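Shown here: input-v8.cif, mmCIF, C-alpha atoms.
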```cif
data_entry
loop_
_atom_site.group_PDB
_atom_site.id
_atom_site.type_symbol
_atom_site.label_atom_id
_atom_site.label_comp_id
_atom_site.auth_asym_id
_atom_site.auth_seq_id
_atom_site.Cartn_x
_atom_site.Cartn_y
_atom_site.Cartn_z
ATOM 1 C CA MET O 1 98.975 89.421 17.682
ATOM 2 C CA SER O 2 101.335 92.347 17.471
ATOM 3 C CA ARG O 3 100.177 95.925 17.480
ATOM 4 C CA HIS O 4 101.824 98.619 15.373
ATOM 5 C CA GLY O 5 105.218 99.425 16.884
ATOM 6 C CA ASP O 6 105.192 96.483 19.299
ATOM 7 C CA ILE O 7 107.720 93.686 19.603
ATOM 8 C CA SER O 8 106.142 90.444 18.419
ATOM 9 C CA SER O 9 106.242 87.235 20.374
ATOM 10 C CA SER O 10 104.332 83.996 20.093
ATOM 11 C CA ALA O 11 104.565 80.399 21.220
ATOM 12 C CA ASP O 12 107.519 79.795 18.889
ATOM 13 C CA THR O 13 109.254 83.208 18.911
ATOM 14 C CA VAL O 14 110.863 85.466 21.495
ATOM 15 C CA GLY O 15 110.301 89.218 21.536
ATOM 16 C CA VAL O 16 113.695 90.773 22.352
ATOM 17 C CA CYS O 17 114.638 94.338 23.235
ATOM 18 C CA VAL O 18 118.350 95.200 23.229
ATOM 19 C CA PHE O 19 118.319 98.442 25.199
ATOM 20 C CA GLN O 20 120.988 101.024 24.335
ATOM 21 C CA TYR O 21 121.914 102.286 27.796
ATOM 22 C CA PRO O 22 124.812 104.725 28.173
ATOM 23 C CA MET O 23 127.780 103.586 30.244
ATOM 24 C CA PRO O 24 127.679 105.562 33.482
ATOM 25 C CA ARG O 25 130.731 106.792 35.376
ATOM 26 C CA LEU O 26 129.973 105.889 38.990
ATOM 27 C CA HIS O 27 132.156 106.105 42.082
ATOM 28 C CA THR O 28 130.151 104.797 45.059
ATOM 29 C CA THR O 29 127.854 101.924 45.969
ATOM 30 C CA GLU O 30 125.049 104.436 46.499
ATOM 31 C CA GLU O 31 125.447 105.661 42.908
ATOM 32 C CA VAL O 32 125.430 102.068 41.642
ATOM 33 C CA PHE O 33 122.130 101.365 43.444
ATOM 34 C CA GLU O 34 120.567 104.598 42.136
ATOM 35 C CA ASN O 35 121.548 103.538 38.612
ATOM 36 C CA ALA O 36 120.227 100.005 39.150
ATOM 37 C CA LYS O 37 116.878 101.481 40.196
ATOM 38 C CA LYS O 38 116.782 103.418 36.895
ATOM 39 C CA ILE O 39 117.437 100.177 35.024
ATOM 40 C CA CYS O 40 114.622 98.436 36.937
ATOM 41 C CA ASP O 41 112.249 101.283 36.042
ATOM 42 C CA ILE O 42 113.279 100.924 32.395
ATOM 43 C CA VAL O 43 112.507 97.178 32.456
ATOM 44 C CA LYS O 44 108.982 97.848 33.710
ATOM 45 C CA GLY O 45 108.429 100.868 31.454
ATOM 46 C CA VAL O 46 109.594 99.148 28.287
ATOM 47 C CA LYS O 47 107.331 96.170 29.013
ATOM 48 C CA THR O 48 104.402 98.564 29.426
ATOM 49 C CA GLY O 49 105.161 100.206 26.085
ATOM 50 C CA LEU O 50 106.086 96.964 24.313
ATOM 51 C CA PRO O 51 103.882 94.255 25.828
ATOM 52 C CA GLY O 52 105.190 91.659 23.346
ATOM 53 C CA MET O 53 108.682 91.863 24.867
ATOM 54 C CA ASP O 54 109.853 88.607 26.462
ATOM 55 C CA LEU O 55 113.529 89.484 27.029
ATOM 56 C CA ILE O 56 115.395 92.740 27.638
ATOM 57 C CA VAL O 57 119.182 92.893 27.299
ATOM 58 C CA PHE O 58 121.334 95.648 28.808
ATOM 59 C CA PRO O 59 124.881 96.264 27.569
ATOM 60 C CA GLU O 60 128.140 95.586 29.342
ATOM 61 C CA TYR O 61 128.970 98.256 31.946
ATOM 62 C CA SER O 62 125.383 99.540 32.097
ATOM 63 C CA THR O 63 124.869 98.887 35.827
ATOM 64 C CA MET O 64 128.185 99.780 37.422
ATOM 65 C CA GLY O 65 130.133 101.470 34.657
ATOM 66 C CA ILE O 66 133.832 100.862 34.345
ATOM 67 C CA MET O 67 135.954 101.468 37.399
ATOM 68 C CA TYR O 68 139.316 103.001 36.558
ATOM 69 C CA ASP O 69 140.079 103.518 40.236
ATOM 70 C CA ARG O 70 141.157 100.260 41.885
ATOM 71 C CA GLN O 71 139.740 101.168 45.301
ATOM 72 C CA GLU O 72 136.367 102.111 43.787
ATOM 73 C CA MET O 73 136.376 98.758 41.956
ATOM 74 C CA PHE O 74 136.704 96.904 45.257
ATOM 75 C CA ASP O 75 134.384 99.219 47.206
ATOM 76 C CA THR O 76 131.512 98.822 44.737
ATOM 77 C CA ALA O 77 131.983 95.087 44.042
ATOM 78 C CA CYS O 78 128.830 93.062 44.687
ATOM 79 C CA GLN O 79 127.876 89.484 45.406
ATOM 80 C CA ILE O 80 125.813 87.308 43.065
ATOM 81 C CA PRO O 81 123.195 86.546 44.190
ATOM 82 C CA GLY O 82 122.875 89.753 46.178
ATOM 83 C CA ASP O 83 121.052 93.042 46.537
ATOM 84 C CA LEU O 84 121.510 94.116 42.907
ATOM 85 C CA THR O 85 120.341 90.813 41.450
ATOM 86 C CA ASP O 86 117.408 90.887 43.898
ATOM 87 C CA MET O 87 116.416 94.291 42.488
ATOM 88 C CA PHE O 88 116.693 93.069 38.902
ATOM 89 C CA GLY O 89 114.808 89.878 39.777
ATOM 90 C CA ALA O 90 111.940 91.829 41.317
ATOM 91 C CA ALA O 91 111.705 94.060 38.231
ATOM 92 C CA CYS O 92 111.682 91.032 35.891
ATOM 93 C CA LYS O 93 109.038 89.285 37.954
ATOM 94 C CA GLU O 94 106.837 92.394 38.152
ATOM 95 C CA ALA O 95 107.139 93.002 34.406
ATOM 96 C CA GLY O 96 106.891 89.317 33.450
ATOM 97 C CA VAL O 97 110.078 89.400 31.359
ATOM 98 C CA TRP O 98 113.509 87.829 31.271
ATOM 99 C CA GLY O 99 116.528 90.135 31.524
ATOM 100 C CA VAL O 100 120.283 90.168 30.922
ATOM 101 C CA PHE O 101 122.146 92.517 33.272
ATOM 102 C CA SER O 102 125.793 93.545 33.471
ATOM 103 C CA LEU O 103 127.512 93.470 36.859
ATOM 104 C CA THR O 104 131.030 94.676 36.206
ATOM 105 C CA GLY O 105 132.221 94.087 39.692
ATOM 106 C CA GLU O 106 131.192 90.681 41.038
ATOM 107 C CA GLN O 107 133.282 89.982 44.113
ATOM 108 C CA HIS O 108 135.960 87.370 43.551
ATOM 109 C CA GLU O 109 135.845 84.342 45.873
ATOM 110 C CA GLU O 110 139.089 85.681 47.384
ATOM 111 C CA HIS O 111 137.767 89.262 47.736
ATOM 112 C CA PRO O 112 139.502 91.631 48.438
ATOM 113 C CA LYS O 113 142.729 89.815 47.532
ATOM 114 C CA LYS O 114 141.782 89.432 43.852
ATOM 115 C CA ASN O 115 140.088 91.746 41.391
ATOM 116 C CA PRO O 116 136.338 91.349 40.815
ATOM 117 C CA TYR O 117 134.817 89.599 37.807
ATOM 118 C CA ASN O 118 133.025 91.243 34.878
ATOM 119 C CA THR O 119 129.773 89.269 34.970
ATOM 120 C CA LEU O 120 126.465 89.030 33.097
ATOM 121 C CA VAL O 121 123.410 87.434 34.658
ATOM 122 C CA LEU O 122 120.293 86.087 32.983
ATOM 123 C CA ILE O 123 117.195 86.416 35.170
ATOM 124 C CA ASN O 124 113.906 84.733 34.277
ATOM 125 C CA ASP O 125 110.376 86.112 34.510
ATOM 126 C CA GLN O 126 110.042 84.628 37.997
ATOM 127 C CA GLY O 127 112.955 86.732 39.235
ATOM 128 C CA GLU O 128 115.440 83.842 39.452
ATOM 129 C CA ILE O 129 119.034 83.846 38.240
ATOM 130 C CA VAL O 130 119.195 81.081 35.647
ATOM 131 C CA GLN O 131 122.632 81.771 34.153
ATOM 132 C CA LYS O 132 125.791 83.641 35.061
ATOM 133 C CA TYR O 133 128.673 84.394 32.689
ATOM 134 C CA ARG O 134 132.048 85.743 33.773
ATOM 135 C CA LYS O 135 134.089 87.423 31.051
ATOM 136 C CA ILE O 136 136.918 85.058 30.197
ATOM 137 C CA LEU O 137 139.289 87.464 28.440
ATOM 138 C CA PRO O 138 139.172 90.965 29.939
ATOM 139 C CA TRP O 139 140.740 93.605 27.719
ATOM 140 C CA THR O 140 144.005 94.158 29.532
ATOM 141 C CA PRO O 141 145.355 96.535 30.656
ATOM 142 C CA VAL O 142 142.233 98.720 30.400
ATOM 143 C CA GLU O 143 139.887 96.284 32.143
ATOM 144 C CA GLY O 144 141.195 95.236 35.516
ATOM 145 C CA TRP O 145 138.827 92.291 36.007
ATOM 146 C CA SER O 146 139.820 88.783 36.984
ATOM 147 C CA PRO O 147 139.298 86.321 34.105
ATOM 148 C CA GLY O 148 136.222 84.148 34.592
#
```

Can you dump the structure from the file as structure tokens?
Amino acid sequence: MSRHGDISSSADTVGVCVFQYPMPRLHTTEEVFENAKKICDIVKGVKTGLPGMDLIVFPEYSTMGIMYDRQEMFDTACQIPGDLTDMFGAACKEAGVWGVFSLTGEQHEEHPKKNPYNTLVLINDQGEIVQKYRKILPWTPVEGWSPG
């Protein structure tokens, strides 16, 4: 049963939180990891405040921001699975929620010869990546990502 102000969930419904997170402007891998830690803290904090939440969704660019500098794009590109998805997985497992996270900078298979992908991952409440989506039509010329 839902409490006042809580997100409702039950056996046949899903309690969803779409979190409005501002797009950061980051330049280094260290800054990306500091921001990812903030996102992990939000996952756990929102679940504490809204115990009926089953899924939390973060917007595109929330983890890494948009990289206008080509070298920064390559320098901050990550692997999936990797350290960032491990952090998000641990937060989801600890909070007992599923999460959708934006990784605008997944290393291309031919890294560093080709631009990274703009990727979303779905992580379950056990901390496992269950789905990965690479943006198919990046908004060129503003977004420099490889099409997924």

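Distances here use all atoms listed in the file; by that measure, the residue among O:Ser62, O:Thr48, O:Thr85, O:Gln20 closest to Asn35 of chain O is O:Ser62.
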
Can you work out which one of O:Gly15, O:Pro147, O:Gly45, O:Pro24 has the shortest atom-to-atom distance to Glu94 of chain O, counting all atoms listed in the file?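 Counting all atoms listed in the file, the residue closest to Glu94 of chain O is O:Gly45.
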
Give as a short mmCIF file (atom, residue, chain, number, x, y, z; two decimals) with C-alpha atoms, keeping the file's coordinate frame the residues that the PyMOL selection byres ((chain O and resi 132) around 9) matches when applied to the coordinates above.
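Saved the output as selection-v9.cif:
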```
data_model
loop_
_atom_site.label_atom_id
_atom_site.label_comp_id
_atom_site.auth_asym_id
_atom_site.auth_seq_id
_atom_site.Cartn_x
_atom_site.Cartn_y
_atom_site.Cartn_z
CA ILE O 80 125.81 87.31 43.06
CA THR O 119 129.77 89.27 34.97
CA LEU O 120 126.46 89.03 33.10
CA VAL O 121 123.41 87.43 34.66
CA LEU O 122 120.29 86.09 32.98
CA ILE O 129 119.03 83.85 38.24
CA VAL O 130 119.20 81.08 35.65
CA GLN O 131 122.63 81.77 34.15
CA TYR O 133 128.67 84.39 32.69
CA ARG O 134 132.05 85.74 33.77
#
```

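Put simply, the PyMOL selection byres ((chain O and resi 76) around 7) in this file takes in O:Thr28, O:Thr29, O:Glu72, O:Met73, O:Phe74, O:Asp75, O:Ala77, O:Cys78, O:Gly105.
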
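For the atom pair formed by atom CA of Val142 of chain O and atom CA of Gln71 of chain O, the distance is 15.3 Å, given to one decimal.
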
Could you tell me which residues the PyMOL selection byres ((chain O and resi 98) around 9) returns for this structure, as a PDB file with C-alpha atoms, in the frame of the given file?
```pdb
ATOM      1  CA  MET O  53     108.682  91.863  24.867  1.00  0.00           C
ATOM      2  CA  ASP O  54     109.853  88.607  26.462  1.00  0.00           C
ATOM      3  CA  LEU O  55     113.529  89.484  27.029  1.00  0.00           C
ATOM      4  CA  ILE O  56     115.395  92.740  27.638  1.00  0.00           C
ATOM      5  CA  VAL O  57     119.182  92.893  27.299  1.00  0.00           C
ATOM      6  CA  GLY O  89     114.808  89.878  39.777  1.00  0.00           C
ATOM      7  CA  CYS O  92     111.682  91.032  35.891  1.00  0.00           C
ATOM      8  CA  LYS O  93     109.038  89.285  37.954  1.00  0.00           C
ATOM      9  CA  ALA O  95     107.139  93.002  34.406  1.00  0.00           C
ATOM     10  CA  GLY O  96     106.891  89.317  33.450  1.00  0.00           C
ATOM     11  CA  VAL O  97     110.078  89.400  31.359  1.00  0.00           C
ATOM     12  CA  GLY O  99     116.528  90.135  31.524  1.00  0.00           C
ATOM     13  CA  VAL O 100     120.283  90.168  30.922  1.00  0.00           C
ATOM     14  CA  LEU O 122     120.293  86.087  32.983  1.00  0.00           C
ATOM     15  CA  ILE O 123     117.195  86.416  35.170  1.00  0.00           C
ATOM     16  CA  ASN O 124     113.906  84.733  34.277  1.00  0.00           C
ATOM     17  CA  ASP O 125     110.376  86.112  34.510  1.00  0.00           C
ATOM     18  CA  GLN O 126     110.042  84.628  37.997  1.00  0.00           C
ATOM     19  CA  GLY O 127     112.955  86.732  39.235  1.00  0.00           C
TER      20      GLY O 127
END
```

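When the distance limit is 10 Å and only C-alpha atoms are what count, the residues near Asn115 of chain O, minus those fewer than 2 positions from it on the same chain, are Arg70, Met73, Phe74, Ala77, Gly105, Glu106, Gln107, His108, Glu109, Glu110, His111, Pro112, Lys113, Tyr117, Asn118, Gly144, Trp145, Ser146 and Pro147 of chain O.
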
File of the preceding selection, C-alpha atoms, as a PDB file, keeping the file's coordinate frame:
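Below is the file that was written, selection19.pdb:
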```pdb
ATOM      1  CA  ARG O  70     141.157 100.260  41.885  1.00  0.00           C
ATOM      2  CA  MET O  73     136.376  98.758  41.956  1.00  0.00           C
ATOM      3  CA  PHE O  74     136.704  96.904  45.257  1.00  0.00           C
ATOM      4  CA  ALA O  77     131.983  95.087  44.042  1.00  0.00           C
ATOM      5  CA  GLY O 105     132.221  94.087  39.692  1.00  0.00           C
ATOM      6  CA  GLU O 106     131.192  90.681  41.038  1.00  0.00           C
ATOM      7  CA  GLN O 107     133.282  89.982  44.113  1.00  0.00           C
ATOM      8  CA  HIS O 108     135.960  87.370  43.551  1.00  0.00           C
ATOM      9  CA  GLU O 109     135.845  84.342  45.873  1.00  0.00           C
ATOM     10  CA  GLU O 110     139.089  85.681  47.384  1.00  0.00           C
ATOM     11  CA  HIS O 111     137.767  89.262  47.736  1.00  0.00           C
ATOM     12  CA  PRO O 112     139.502  91.631  48.438  1.00  0.00           C
ATOM     13  CA  LYS O 113     142.729  89.815  47.532  1.00  0.00           C
ATOM     14  CA  TYR O 117     134.817  89.599  37.807  1.00  0.00           C
ATOM     15  CA  ASN O 118     133.025  91.243  34.878  1.00  0.00           C
ATOM     16  CA  GLY O 144     141.195  95.236  35.516  1.00  0.00           C
ATOM     17  CA  TRP O 145     138.827  92.291  36.007  1.00  0.00           C
ATOM     18  CA  SER O 146     139.820  88.783  36.984  1.00  0.00           C
ATOM     19  CA  PRO O 147     139.298  86.321  34.105  1.00  0.00           C
TER      20      PRO O 147
END
```

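The closest residue to Gly82 of chain O, picked from O:Ile66, O:Phe58, O:Lys37, O:Leu103 and counting only C-alpha atoms, is O:Leu103.
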
Using all atoms listed in the file, which of the listed residues (O:Glu31, O:Phe101, O:Gln79, O:Ala36) sits closest to Phe19 of chain O? O:Phe101

Find the residue from O:Val46, O:Val14, O:Met64, O:Leu137 that sits nearest to Val32 of chain O; use only C-alpha atoms when measuring.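 For Val32 of chain O, the nearest of the given residues is O:Met64.
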
Separation of atom CA of Pro81 of chain O from atom CA of Val16 of chain O in Å: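 Between these atoms lies a distance of 24.2 Å.
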
Using all atoms listed in the file, collect all residues at a distance of at most 8 Å from (103.5, 88.9, 22.6) as written in the file, then present them as a ChimeraX atom specification. /O:1-2,7-10,15,51-54

Write to file, as a short mmCIF file (atom, residue, chain, number, x, y, z; two decimals), keeping the file's coordinate frame, the residues of the selection just made, with C-alpha atoms.
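As written to disk, part.cif reads:
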```cif
data_model
loop_
_atom_site.label_atom_id
_atom_site.label_comp_id
_atom_site.auth_asym_id
_atom_site.auth_seq_id
_atom_site.Cartn_x
_atom_site.Cartn_y
_atom_site.Cartn_z
CA MET O 1 98.98 89.42 17.68
CA SER O 2 101.34 92.35 17.47
CA ILE O 7 107.72 93.69 19.60
CA SER O 8 106.14 90.44 18.42
CA SER O 9 106.24 87.24 20.37
CA SER O 10 104.33 84.00 20.09
CA GLY O 15 110.30 89.22 21.54
CA PRO O 51 103.88 94.26 25.83
CA GLY O 52 105.19 91.66 23.35
CA MET O 53 108.68 91.86 24.87
CA ASP O 54 109.85 88.61 26.46
#
```

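Across the model, the gap from atom CA of Ile42 of chain O to atom CA of Met23 of chain O is 14.9 Å.
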
When you count only C-alpha atoms, which of these residues is closest to Gly65 of chain O: O:Ser102, O:Asp86, O:Lys44, O:Arg25?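 Residue with the minimum atom-to-atom distance to Gly65 of chain O: O:Arg25.
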
May I have the centre and edge lengths, in Å to one decimal, of an axis-aligned box around the listed atoms of segment 99-109 of chain O with 4 Å added to every side, as lines of an AutoDock Vina configuration file?
```
center_x = 126.2
center_y = 89.5
center_z = 38.4
size_x = 27.4
size_y = 18.3
size_z = 23.0
```
